[in-house]
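What follows is the content of my_file_34.csv, which has CSV, C-alpha atoms:
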chain,number,residue,atom,x,y,z
A,1,MET,CA,-9.0,-9.1,12.0
A,2,PHE,CA,-6.6,-11.8,13.2
A,3,GLN,CA,-7.9,-11.3,16.7
A,4,ASN,CA,-11.3,-12.3,15.5
A,5,LEU,CA,-10.0,-15.4,13.7
A,6,ILE,CA,-7.9,-16.8,16.5
A,7,PRO,CA,-10.8,-17.7,18.8
A,8,LEU,CA,-12.4,-19.6,15.9
A,9,ALA,CA,-9.2,-21.6,15.4
A,10,GLU,CA,-9.1,-22.3,19.1
A,11,VAL,CA,-12.7,-23.5,19.1
A,12,ALA,CA,-11.8,-25.8,16.2
A,13,GLU,CA,-9.0,-27.1,18.3
A,14,SER,CA,-11.1,-27.9,21.3
A,15,SER,CA,-14.6,-28.9,20.1
A,16,VAL,CA,-15.3,-32.2,18.6
A,17,SER,CA,-18.6,-31.6,16.7
A,18,PHE,CA,-17.8,-28.3,15.0
A,19,GLU,CA,-14.8,-29.2,12.9
A,20,PRO,CA,-16.0,-32.2,10.8
A,21,VAL,CA,-19.0,-30.2,9.6
A,22,VAL,CA,-16.9,-27.4,8.3
A,23,PHE,CA,-14.3,-29.8,7.0
A,24,TRP,CA,-16.8,-31.7,4.9
A,25,ILE,CA,-18.5,-28.7,3.5
A,26,CYS,CA,-15.3,-27.0,2.5
A,27,ALA,CA,-13.6,-30.2,1.3
A,28,ILE,CA,-16.5,-31.0,-1.0
A,29,LEU,CA,-16.6,-27.5,-2.3
A,30,ALA,CA,-12.8,-27.5,-2.8
A,31,VAL,CA,-12.9,-30.7,-4.8
A,32,LEU,CA,-15.9,-29.5,-6.7
A,33,GLY,CA,-14.0,-26.3,-7.6
A,34,ALA,CA,-10.9,-28.3,-8.7
A,35,ILE,CA,-13.1,-30.6,-10.9
A,36,GLY,CA,-14.8,-27.6,-12.3
A,37,MET,CA,-11.5,-26.1,-13.3
A,38,LEU,CA,-10.6,-29.4,-15.0
A,39,ILE,CA,-13.7,-29.8,-17.1
A,40,SER,CA,-14.9,-26.2,-17.9
A,41,HIS,CA,-14.1,-25.3,-21.5
A,42,LYS,CA,-13.6,-21.6,-21.0
A,43,ALA,CA,-10.5,-20.4,-19.2
A,44,VAL,CA,-12.4,-17.7,-17.4
A,45,HIS,CA,-14.7,-20.3,-15.9
A,46,SER,CA,-11.7,-22.3,-14.9
A,47,ALA,CA,-10.2,-19.3,-13.1
A,48,LEU,CA,-13.4,-18.7,-11.1
A,49,TRP,CA,-13.6,-22.4,-10.1
A,50,VAL,CA,-10.0,-22.3,-8.9
A,51,ALA,CA,-10.9,-19.2,-6.9
A,52,LEU,CA,-13.7,-21.2,-5.2
A,53,THR,CA,-11.2,-23.9,-4.3
A,54,MET,CA,-8.8,-21.5,-2.9
A,55,ILE,CA,-11.3,-19.7,-0.7
A,56,ASN,CA,-12.4,-23.1,0.7
A,57,LEU,CA,-8.8,-24.0,1.4
A,58,ALA,CA,-8.4,-20.7,3.3
A,59,VAL,CA,-11.3,-21.8,5.5
A,60,LEU,CA,-9.6,-25.1,6.1
A,61,TYR,CA,-6.4,-23.2,7.1
A,62,VAL,CA,-8.3,-21.2,9.6
A,63,LEU,CA,-10.0,-24.4,10.8
A,64,GLN,CA,-6.5,-25.9,11.4
A,65,SER,CA,-5.3,-23.0,13.6
A,66,ALA,CA,-3.5,-21.2,10.8
A,67,PRO,CA,-5.5,-17.9,10.7
A,68,PHE,CA,-2.5,-15.9,9.3
A,69,LEU,CA,-2.2,-18.3,6.4
A,70,GLY,CA,-6.0,-18.3,5.9
A,71,VAL,CA,-6.0,-14.5,5.4
A,72,ALA,CA,-2.8,-14.6,3.3
A,73,GLN,CA,-4.4,-17.3,1.1
A,74,VAL,CA,-7.5,-15.1,0.5
A,75,VAL,CA,-5.4,-12.0,-0.1
A,76,VAL,CA,-2.5,-13.5,-2.1
A,77,TYR,CA,-4.3,-16.3,-4.1
A,78,THR,CA,-7.9,-15.3,-4.6
A,79,GLY,CA,-7.1,-11.6,-4.4
A,80,ALA,CA,-3.9,-11.2,-6.4
A,81,VAL,CA,-3.0,-14.3,-8.3
A,82,MET,CA,-6.4,-15.3,-9.6
A,83,MET,CA,-7.2,-11.7,-10.6
A,84,LEU,CA,-3.8,-11.5,-12.4
A,85,PHE,CA,-4.9,-14.6,-14.2
A,86,LEU,CA,-8.2,-12.9,-15.2
A,87,PHE,CA,-6.3,-9.8,-16.4
A,88,VAL,CA,-4.0,-12.0,-18.6
A,89,LEU,CA,-7.1,-13.8,-19.9
A,90,MET,CA,-8.4,-10.4,-20.9
A,91,ILE,CA,-5.2,-9.8,-22.9
A,92,VAL,CA,-5.0,-13.2,-24.4
A,93,GLY,CA,-8.8,-13.3,-25.2
A,94,VAL,CA,-11.6,-14.6,-23.2
A,95,ASP,CA,-12.8,-16.8,-26.1
A,96,ALA,CA,-9.5,-18.7,-26.3
A,97,SER,CA,-10.9,-22.2,-25.5
A,98,ASP,CA,-9.1,-25.5,-25.8
A,99,ALA,CA,-8.7,-27.4,-29.0
A,100,LEU,CA,-10.3,-30.8,-28.6
A,101,ILE,CA,-8.0,-32.6,-31.0
A,102,GLU,CA,-5.4,-34.8,-29.5
A,103,THR,CA,-1.9,-34.1,-30.7
A,104,ILE,CA,-0.5,-37.3,-29.1
A,105,LYS,CA,-2.7,-40.3,-29.8
A,106,GLY,CA,-4.4,-41.7,-26.7
A,107,GLN,CA,-2.9,-39.0,-24.5
A,108,ARG,CA,-6.2,-38.3,-22.8
A,109,ARG,CA,-6.9,-41.9,-21.9
A,110,VAL,CA,-3.5,-42.5,-20.5
A,111,SER,CA,-3.6,-39.2,-18.6
A,112,ILE,CA,-6.9,-40.1,-16.9
A,113,LEU,CA,-5.5,-43.5,-16.0
A,114,ALA,CA,-2.3,-41.9,-14.6
A,115,GLY,CA,-4.4,-39.4,-12.6
A,116,THR,CA,-6.6,-42.1,-11.1
A,117,LEU,CA,-3.5,-44.1,-10.2
A,118,LEU,CA,-2.1,-41.0,-8.6
A,119,VAL,CA,-5.2,-40.4,-6.5
A,120,ILE,CA,-5.3,-44.0,-5.3
A,121,GLY,CA,-1.6,-44.0,-4.5
A,122,LEU,CA,-1.7,-40.7,-2.7
A,123,VAL,CA,-4.8,-41.7,-0.7
A,124,MET,CA,-3.2,-45.0,0.3
A,125,LEU,CA,0.0,-43.3,1.2
A,126,LEU,CA,-1.4,-40.4,3.1
A,127,GLY,CA,-4.5,-42.1,4.6
A,128,ASN,CA,-2.6,-43.5,7.6
A,129,SER,CA,0.2,-41.0,8.0
A,130,PHE,CA,-0.8,-39.7,11.4
A,131,SER,CA,-2.1,-41.9,14.1
A,132,VAL,CA,-1.9,-39.6,17.0
A,133,GLN,CA,-1.8,-35.9,17.4
A,134,THR,CA,1.5,-35.4,19.1
A,135,ALA,CA,1.2,-31.8,20.3
A,136,GLN,CA,-1.2,-28.9,20.5
A,137,LEU,CA,-0.4,-26.0,18.2
A,138,ALA,CA,-1.9,-23.7,20.8
A,139,ASN,CA,1.3,-24.2,22.8
A,140,ALA,CA,3.5,-23.0,19.9
A,141,ASP,CA,1.1,-20.1,19.3
A,142,SER,CA,1.1,-19.0,22.9
A,143,ALA,CA,4.9,-19.1,23.2
A,144,TYR,CA,5.1,-15.7,21.4
A,145,GLY,CA,1.6,-14.5,22.1
A,146,GLY,CA,-0.3,-15.6,19.0
A,147,ASN,CA,-0.2,-17.3,15.6
A,148,VAL,CA,1.1,-14.2,13.7
A,149,GLN,CA,3.7,-13.4,16.3
A,150,GLY,CA,4.8,-17.1,16.3
A,151,ILE,CA,5.3,-17.1,12.5
A,152,ALA,CA,7.0,-13.7,12.7
A,153,ALA,CA,9.5,-15.1,15.3
A,154,LEU,CA,10.3,-18.0,12.9
A,155,LEU,CA,10.5,-15.8,9.8
A,156,PHE,CA,12.8,-13.3,11.3
A,157,GLY,CA,14.7,-15.7,13.5
A,158,LYS,CA,15.3,-19.3,12.4
A,159,TYR,CA,14.4,-18.7,8.7
A,160,VAL,CA,15.7,-15.2,8.3
A,161,LEU,CA,18.2,-16.3,5.6
A,162,ILE,CA,15.5,-17.9,3.5
A,163,PHE,CA,13.4,-14.8,4.0
A,164,GLU,CA,16.2,-12.6,2.7
A,165,ILE,CA,16.7,-14.9,-0.3
A,166,THR,CA,13.0,-14.6,-1.0
A,167,SER,CA,13.4,-10.9,-1.4
A,168,ALA,CA,16.0,-11.5,-4.1
A,169,LEU,CA,13.6,-13.9,-5.8
A,170,LEU,CA,10.8,-11.4,-5.8
A,171,ILE,CA,12.9,-8.6,-7.2
A,172,THR,CA,14.3,-10.9,-9.9
A,173,ALA,CA,10.7,-12.0,-10.8
A,174,ALA,CA,9.5,-8.4,-11.0
A,175,VAL,CA,12.4,-7.4,-13.2
A,176,GLY,CA,12.0,-10.5,-15.3
A,177,ALA,CA,8.3,-9.8,-15.9
A,178,MET,CA,9.1,-6.2,-16.8
A,179,ILE,CA,11.7,-7.3,-19.4
A,180,LEU,CA,9.4,-10.0,-20.8
A,181,ALA,CA,6.4,-7.6,-21.1
A,182,HIS,CA,8.6,-4.8,-22.5
A,183,LYS,CA,8.1,-4.1,-26.2
A,184,GLU,CA,10.9,-2.5,-28.2
A,185,ARG,CA,9.8,0.4,-30.4
A,186,THR,CA,10.7,-0.1,-34.0
A,187,ALA,CA,9.6,3.5,-35.0
A,188,PRO,CA,9.8,6.6,-32.9
A,189,LYS,CA,6.6,7.6,-31.1
A,190,LYS,CA,4.4,9.8,-33.2
A,191,SER,CA,3.7,13.3,-31.9
A,192,GLN,CA,0.3,14.9,-32.0
A,193,GLU,CA,1.3,17.1,-34.9
A,194,VAL,CA,2.4,14.1,-37.0
A,195,LEU,CA,-0.9,12.3,-36.1
A,196,ALA,CA,-3.0,15.3,-37.1
A,197,LYS,CA,-1.1,15.6,-40.4
A,198,GLU,CA,-1.6,11.9,-41.1
A,199,LEU,CA,-5.3,12.2,-40.3
A,200,PHE,CA,-5.8,15.0,-42.9
A,201,ALA,CA,-3.4,13.7,-45.4
A,202,LYS,CA,-4.5,13.7,-49.1
A,203,GLY,CA,-7.1,11.1,-49.7
A,204,ASN,CA,-8.3,11.0,-46.1
A,205,TYR,CA,-11.6,12.8,-46.3
A,206,GLN,CA,-12.7,13.8,-42.8
A,207,GLY,CA,-15.8,15.8,-43.5
A,208,PRO,CA,-19.4,14.5,-43.6
A,209,LEU,CA,-20.0,12.0,-46.3
A,210,PRO,CA,-22.3,13.0,-49.3
A,211,SER,CA,-25.9,12.0,-48.6
A,212,PRO,CA,-27.2,9.3,-50.9
A,213,GLY,CA,-29.6,9.9,-53.8
A,214,VAL,CA,-29.6,13.7,-53.9
A,215,TYR,CA,-28.1,14.3,-57.3
A,216,ALA,CA,-29.3,11.0,-58.7
A,217,ARG,CA,-32.9,12.4,-58.6
A,218,HIS,CA,-33.9,9.8,-56.0
A,219,ASN,CA,-34.0,10.4,-52.3
A,220,SER,CA,-33.8,6.8,-51.1
A,221,VAL,CA,-30.7,5.7,-49.2
A,222,ASP,CA,-29.9,2.8,-51.5
A,223,THR,CA,-29.2,5.1,-54.5
A,224,PRO,CA,-25.8,6.5,-54.7
A,225,ALA,CA,-25.3,10.2,-55.0
A,226,LEU,CA,-24.0,11.8,-58.2
A,227,LEU,CA,-21.4,14.4,-57.6
A,228,PRO,CA,-21.8,17.8,-59.4
A,229,ASP,CA,-19.4,16.6,-62.1
A,230,GLY,CA,-21.7,13.7,-62.9
A,231,SER,CA,-19.6,10.9,-61.4
A,232,VAL,CA,-21.1,8.3,-59.0
A,233,SER,CA,-20.1,8.7,-55.4
A,234,ASP,CA,-19.5,5.2,-53.8
A,235,ILE,CA,-19.1,6.5,-50.3
A,236,SER,CA,-22.6,8.0,-50.2
A,237,ILE,CA,-24.4,4.7,-49.6
A,238,PRO,CA,-24.3,3.3,-46.1
A,239,GLY,CA,-21.9,0.3,-45.8
A,240,PRO,CA,-24.5,-2.3,-44.6
A,241,ILE,CA,-26.7,-1.6,-47.7
A,242,VAL,CA,-23.7,-2.3,-49.9
A,243,ALA,CA,-22.9,-5.5,-47.9
A,244,ARG,CA,-26.4,-6.8,-48.4
A,245,GLY,CA,-26.1,-6.1,-52.1
A,246,ALA,CA,-29.1,-3.8,-52.0
A,247,ALA,CA,-27.5,-0.8,-53.5
A,248,LYS,CA,-29.1,0.5,-56.7
A,249,SER,CA,-27.0,1.4,-59.7
A,250,VAL,CA,-27.4,4.7,-61.4
A,251,ASN,CA,-29.1,4.2,-64.8
A,252,GLU,CA,-28.5,5.9,-68.0
A,253,THR,CA,-31.6,8.1,-68.0
A,254,ASP,CA,-30.5,9.6,-64.6
A,255,LEU,CA,-27.1,10.2,-66.0
A,256,SER,CA,-28.4,12.0,-69.1
A,257,GLU,CA,-30.8,14.1,-67.0
A,258,ILE,CA,-27.9,15.1,-64.8
A,259,GLN,CA,-26.0,15.9,-67.9
A,260,ILE,CA,-28.8,18.2,-69.0
A,261,ILE,CA,-29.0,19.9,-65.7
A,262,SER,CA,-25.3,20.4,-65.3
A,263,GLU,CA,-25.1,22.0,-68.8
A,264,GLY,CA,-28.2,24.1,-68.2
A,265,LEU,CA,-30.1,22.8,-71.2
A,266,GLY,CA,-33.6,23.7,-69.8
A,267,LEU,CA,-35.0,20.5,-68.3
A,268,VAL,CA,-35.7,22.7,-65.3
A,269,SER,CA,-37.1,26.1,-66.4
A,270,SER,CA,-34.9,29.1,-65.9
A,271,GLU,CA,-37.8,30.8,-64.0
A,272,ASP,CA,-37.5,28.4,-61.2
A,273,ASP,CA,-33.9,29.2,-60.9
A,274,GLU,CA,-34.6,32.8,-60.6
A,275,ASP,CA,-37.3,32.2,-58.0
A,276,LYS,CA,-34.7,30.6,-55.8
A,277,LYS,CA,-32.5,33.5,-56.2
B,1,MET,CA,-11.0,-35.2,13.8
B,2,SER,CA,-8.3,-37.2,12.2
B,3,PRO,CA,-5.7,-35.0,10.3
B,4,ASN,CA,-5.5,-37.8,7.7
B,5,ALA,CA,-8.7,-36.5,6.2
B,6,TYR,CA,-6.9,-33.2,5.4
B,7,LEU,CA,-4.0,-35.1,3.9
B,8,ILE,CA,-6.3,-37.2,1.7
B,9,LEU,CA,-8.1,-34.0,0.6
B,10,SER,CA,-4.7,-32.5,-0.3
B,11,GLY,CA,-3.8,-35.6,-2.2
B,12,ILE,CA,-7.1,-35.5,-4.2
B,13,ILE,CA,-6.6,-31.8,-5.1
B,14,PHE,CA,-3.0,-32.4,-6.0
B,15,SER,CA,-4.0,-35.2,-8.4
B,16,ILE,CA,-6.7,-33.1,-10.0
B,17,GLY,CA,-4.1,-30.4,-10.5
B,18,ALA,CA,-1.7,-32.9,-12.1
B,19,LEU,CA,-4.5,-34.1,-14.3
B,20,GLY,CA,-5.2,-30.5,-15.3
B,21,VAL,CA,-1.6,-30.1,-16.4
B,22,LEU,CA,-1.8,-33.3,-18.4
B,23,LEU,CA,-5.2,-32.8,-20.0
B,24,ARG,CA,-5.6,-29.0,-20.7
B,25,ARG,CA,-3.9,-27.4,-23.7
B,26,ASN,CA,-4.5,-23.8,-22.8
B,27,ALA,CA,-1.3,-22.6,-21.2
B,28,ILE,CA,-3.2,-20.4,-18.7
B,29,VAL,CA,-5.4,-23.3,-17.5
B,30,ALA,CA,-2.3,-25.5,-17.2
B,31,PHE,CA,-0.8,-22.8,-15.1
B,32,MET,CA,-3.9,-22.6,-12.8
B,33,SER,CA,-3.5,-26.4,-12.3
B,34,ILE,CA,0.0,-25.8,-11.1
B,35,GLU,CA,-1.3,-23.3,-8.6
B,36,LEU,CA,-3.8,-25.9,-7.5
B,37,MET,CA,-1.0,-28.4,-6.8
B,38,LEU,CA,0.9,-25.8,-4.8
B,39,ASN,CA,-2.2,-25.1,-2.8
B,40,ALA,CA,-2.6,-28.8,-2.1
B,41,ALA,CA,1.0,-28.9,-0.8
B,42,ASN,CA,0.2,-25.9,1.4
B,43,LEU,CA,-2.7,-27.8,2.9
B,44,ALA,CA,-0.4,-30.7,3.7
B,45,PHE,CA,2.1,-28.3,5.3
B,46,VAL,CA,-0.6,-26.7,7.5
B,47,THR,CA,-1.9,-30.1,8.5
B,48,GLY,CA,1.6,-31.3,9.4
B,49,SER,CA,2.2,-28.1,11.4
B,50,ARG,CA,-1.0,-28.7,13.4
B,51,VAL,CA,-0.1,-32.4,14.1
B,52,TRP,CA,3.4,-31.7,15.3
B,53,GLY,CA,2.4,-28.5,17.1
B,54,ASP,CA,5.1,-26.6,15.4
B,55,LEU,CA,4.8,-23.4,13.4
B,56,SER,CA,7.6,-24.3,10.9
B,57,GLY,CA,5.0,-26.0,8.6
B,58,GLN,CA,3.0,-22.8,8.4
B,59,THR,CA,6.2,-20.8,7.7
B,60,ALA,CA,7.0,-23.3,4.9
B,61,ALA,CA,3.5,-22.7,3.5
B,62,PHE,CA,4.1,-19.0,3.6
B,63,PHE,CA,7.3,-19.4,1.6
B,64,VAL,CA,5.4,-21.6,-0.9
B,65,MET,CA,2.9,-18.7,-1.3
B,66,VAL,CA,5.7,-16.2,-2.0
B,67,VAL,CA,7.4,-18.5,-4.5
B,68,ALA,CA,4.0,-19.1,-6.2
B,69,ALA,CA,3.4,-15.4,-6.5
B,70,ALA,CA,6.8,-14.8,-8.1
B,71,GLU,CA,6.2,-17.8,-10.4
B,72,VAL,CA,2.9,-16.5,-11.5
B,73,VAL,CA,4.3,-13.1,-12.4
B,74,VAL,CA,7.1,-14.6,-14.6
B,75,GLY,CA,4.9,-17.4,-16.0
B,76,LEU,CA,2.1,-15.1,-17.1
B,77,ALA,CA,4.6,-12.6,-18.6
B,78,ILE,CA,6.0,-15.5,-20.7
B,79,ILE,CA,2.5,-16.5,-21.7
B,80,VAL,CA,1.7,-13.0,-22.8
B,81,THR,CA,5.0,-12.8,-24.8
B,82,ILE,CA,4.3,-16.1,-26.5
B,83,PHE,CA,0.7,-14.9,-27.2
B,84,ARG,CA,2.1,-11.7,-28.8
B,85,THR,CA,4.4,-13.5,-31.2
B,86,ARG,CA,2.2,-16.6,-32.0
B,87,ASN,CA,-1.4,-15.2,-31.4
B,88,SER,CA,-2.2,-18.4,-29.4
B,89,ALA,CA,-2.1,-19.5,-25.8
B,90,SER,CA,-2.2,-23.2,-26.6
B,91,VAL,CA,0.7,-25.3,-25.4
B,92,ASP,CA,0.6,-27.3,-28.7
B,93,GLU,CA,1.5,-24.2,-30.8
B,94,ALA,CA,4.9,-23.6,-29.4
B,95,SER,CA,6.5,-26.7,-30.8
B,96,LEU,CA,9.6,-25.4,-32.7
B,97,LEU,CA,12.0,-27.3,-30.5
B,98,ARG,CA,10.2,-30.6,-31.3
B,99,TRP,CA,12.4,-33.1,-33.2
For the file at hand, write its structure as structure tokens.
Amino acid sequence: MFQNLIPLAEVAESSVSFEPVVFWICAILAVLGAIGMLISHKAVHSALWVALTMINLAVLYVLQSAPFLGVAQVVVYTGAVMMLFLFVLMIVGVDASDALIETIKGQRRVSILAGTLLVIGLVMLLGNSFSVQTAQLANADSAYGGNVQGIAALLFGKYVLIFEITSALLITAAVGAMILAHKERTAPKKSQEVLAKELFAKGNYQGPLPSPGVYARHNSVDTPALLPDGSVSDISIPGPIVARGAAKSVNETDLSEIQIISEGLGLVSSEDDEDKK
Amino acid sequence: MSPNAYLILSGIIFSIGALGVLLRRNAIVAFMSIELMLNAANLAFVTGSRVWGDLSGQTAAFFVMVVAAAEVVVGLAIIVTIFRTRNSASVDEASLLRW
């Protein structure tokens, strides 16, 4: 992969017409992504805008004869960091958007003023930093046989101490994240047996619910069922109907009819009963 | 092409990142703005490396990437912990230490 990218970087080094075109496209897209991050209300949109900026910066790295950093940028930033952001957004809640009320009065106006001043200052400061290109990076690359090899020689030679300290930093960060994300148990973990007992504990009815209307001498779903002992079953009506306030109450005549049925007082003839048998 | 253009771009992106930290109240978006500022610094490093013809700048950018990765891991873990206790990722909510 690096072998394919290096010629592109060398072309960028040598040709005059090729670089400005790519630079302007990527620069505009990168600034667009940054502004998009700044103004989009949802954090997920912000993350995607930042990913756009980072991909364009990766192209600019490759354009400036840094193919290794270009690939590392795509892998580390857009691949790992931004996706980590998206995962955390999933935990925190995608809908968590910014409050628009200012806690400090006039903070927004002052911030925008300060940002504009910073842009002007930085552009004036950086605009004339380099007048001539002092050396070709290609020479430094070819000293060790390529960009990756050159960076490796520096990493494991001149900067090896920093590299070692970096490993300590990474391990500390990993342990720190584990400690921060760790949740102490306040109660022992429930076994399956305990869970099953809790599920079928007294009062937790797990069977099918009584169907509505049957014993109330109506078969519509908005009429509650009457249980064999004559009491009204509230769980027999579907929840949405209750929420809409459309559930019918059981009237007195129904209750008295049920009373008659349950006591066998002959509202239904005894012959019918025998037929069923 | 003049390397100053890259530096100006890096300055603009850095400023937008700084503005993001100042303006946005969602801790995660503020964090993304910090990443943007680090990226702008990386672009300046790479540009400097190219102008001087020295790979040290690219190595520095590499170290910035490593530190940024470690920082993201710890920072996001802190945000998740704060979210667990306060049910909010807004930087205005965590104000107990305010006088």
Exercise for review: Just the residues within 10 Å of Gln73 in chain A, please, counting only C-alpha atoms, with nothing from its chain fewer than 4 positions along; format it as a ChimeraX atom specification.
Suggested key: /A:54-59,61,67-69,77-81 /B:39,42,61-62,65
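Of the listed residues (A:Ala138, A:Ile237, A:Leu126, A:Pro224), A:Leu126 comes nearest to Ala44 in chain B; the distances count all atoms listed in the file.
Here the question is which of A:Thr53, A:Ser191, A:Asn251, A:Ser111 gets nearest to Met32 in chain B using only C-alpha atoms, and that residue is A:Thr53.
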Study note, to complete from the structure: Correct to one decimal, the distance CA of Ala5 in chain B-CA of Ala72 in chain A is 22.9 Å
Practice item. Write out as a VMD selection string which residues come within 12 Å of range 74-88 of chain B when counting only C-alpha atoms, dropping same-chain ones fewer than 5 positions away. Key: (chain A and resid 81 to 99 169 to 183) or (chain B and resid 25 to 32 34 to 35 67 to 69 93 to 96)
Review point. CA of Ser211 in chain A to CA of Ala246 in chain A: how many Å, to one decimal?
Key: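 Computing it gives 16.5 Å between the two atoms.
Our summary of the geometry notes that CA of Ala51 in chain A is positioned 7.8 Å from CA of Gly33 in chain A.
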Practice item. Could you give me, as JSON, numbers by chain, the residues within 10 Å of Leu52 in chain A, counting all atoms listed in the file and dropping anything in the same chain fewer than 4 positions from it? Key: {"A": [26, 29, 30, 31, 32, 33, 34, 36, 37, 46, 47, 48, 56, 57, 78]}
Point to revise | Non-local contacts of Asn4 in chain B (9 Å; only C-alpha atoms; under 3 positions in same chain excluded) as a list in words | key: Leu126, Gly127, Asn128, Ser129, Phe130 and Ser131 of chain A; Met1, Leu7, Ile8, Leu9 and Thr47 of chain B
Expected file: the selected residues, C-alpha atoms, as an mmCIF file, in the frame of the given file:
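This went into out.cif:
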data_model
loop_
_atom_site.group_PDB
_atom_site.id
_atom_site.type_symbol
_atom_site.label_atom_id
_atom_site.label_comp_id
_atom_site.auth_asym_id
_atom_site.auth_seq_id
_atom_site.Cartn_x
_atom_site.Cartn_y
_atom_site.Cartn_z
ATOM 1 C CA LEU A 126 -1.400 -40.400 3.100
ATOM 2 C CA GLY A 127 -4.500 -42.100 4.600
ATOM 3 C CA ASN A 128 -2.600 -43.500 7.600
ATOM 4 C CA SER A 129 0.200 -41.000 8.000
ATOM 5 C CA PHE A 130 -0.800 -39.700 11.400
ATOM 6 C CA SER A 131 -2.100 -41.900 14.100
ATOM 7 C CA MET B 1 -11.000 -35.200 13.800
ATOM 8 C CA LEU B 7 -4.000 -35.100 3.900
ATOM 9 C CA ILE B 8 -6.300 -37.200 1.700
ATOM 10 C CA LEU B 9 -8.100 -34.000 0.600
ATOM 11 C CA THR B 47 -1.900 -30.100 8.500
#
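Residues surrounding Ser15 in chain B within 10 Å are Ala34, Ala114, Gly115, Thr116, Leu117, Leu118, Val119, Ile120, Gly121 and Leu122 of chain A; Leu9, Ser10, Gly20, Val21, Ser33, Leu36, Met37 and Ala40 of chain B [all atoms listed in the file; sequence separation below 5 positions excluded].
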Check your understanding: Nearest to Gln58 in chain B: which of A:Gly106, A:Gly145, A:Pro210, A:Gly150 is it, counting all atoms listed in the file?
Key -> A:Gly150
Point to revise | Minimum-distance residue to chain A, chosen among B:Leu55, B:Leu97, B:Ala41, B:Val91 (using all atoms listed in the file) | key: B:Leu55
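Closest to chain A among B:Ala18, B:Tyr6, B:Gly48, B:Gly53 is B:Gly53, based on all atoms listed in the file.
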Review point. Between A:Pro20, A:Pro212, A:Pro240, A:Gly157, which is the closest to chain B once you count all atoms listed in the file?
Key: A:Pro20
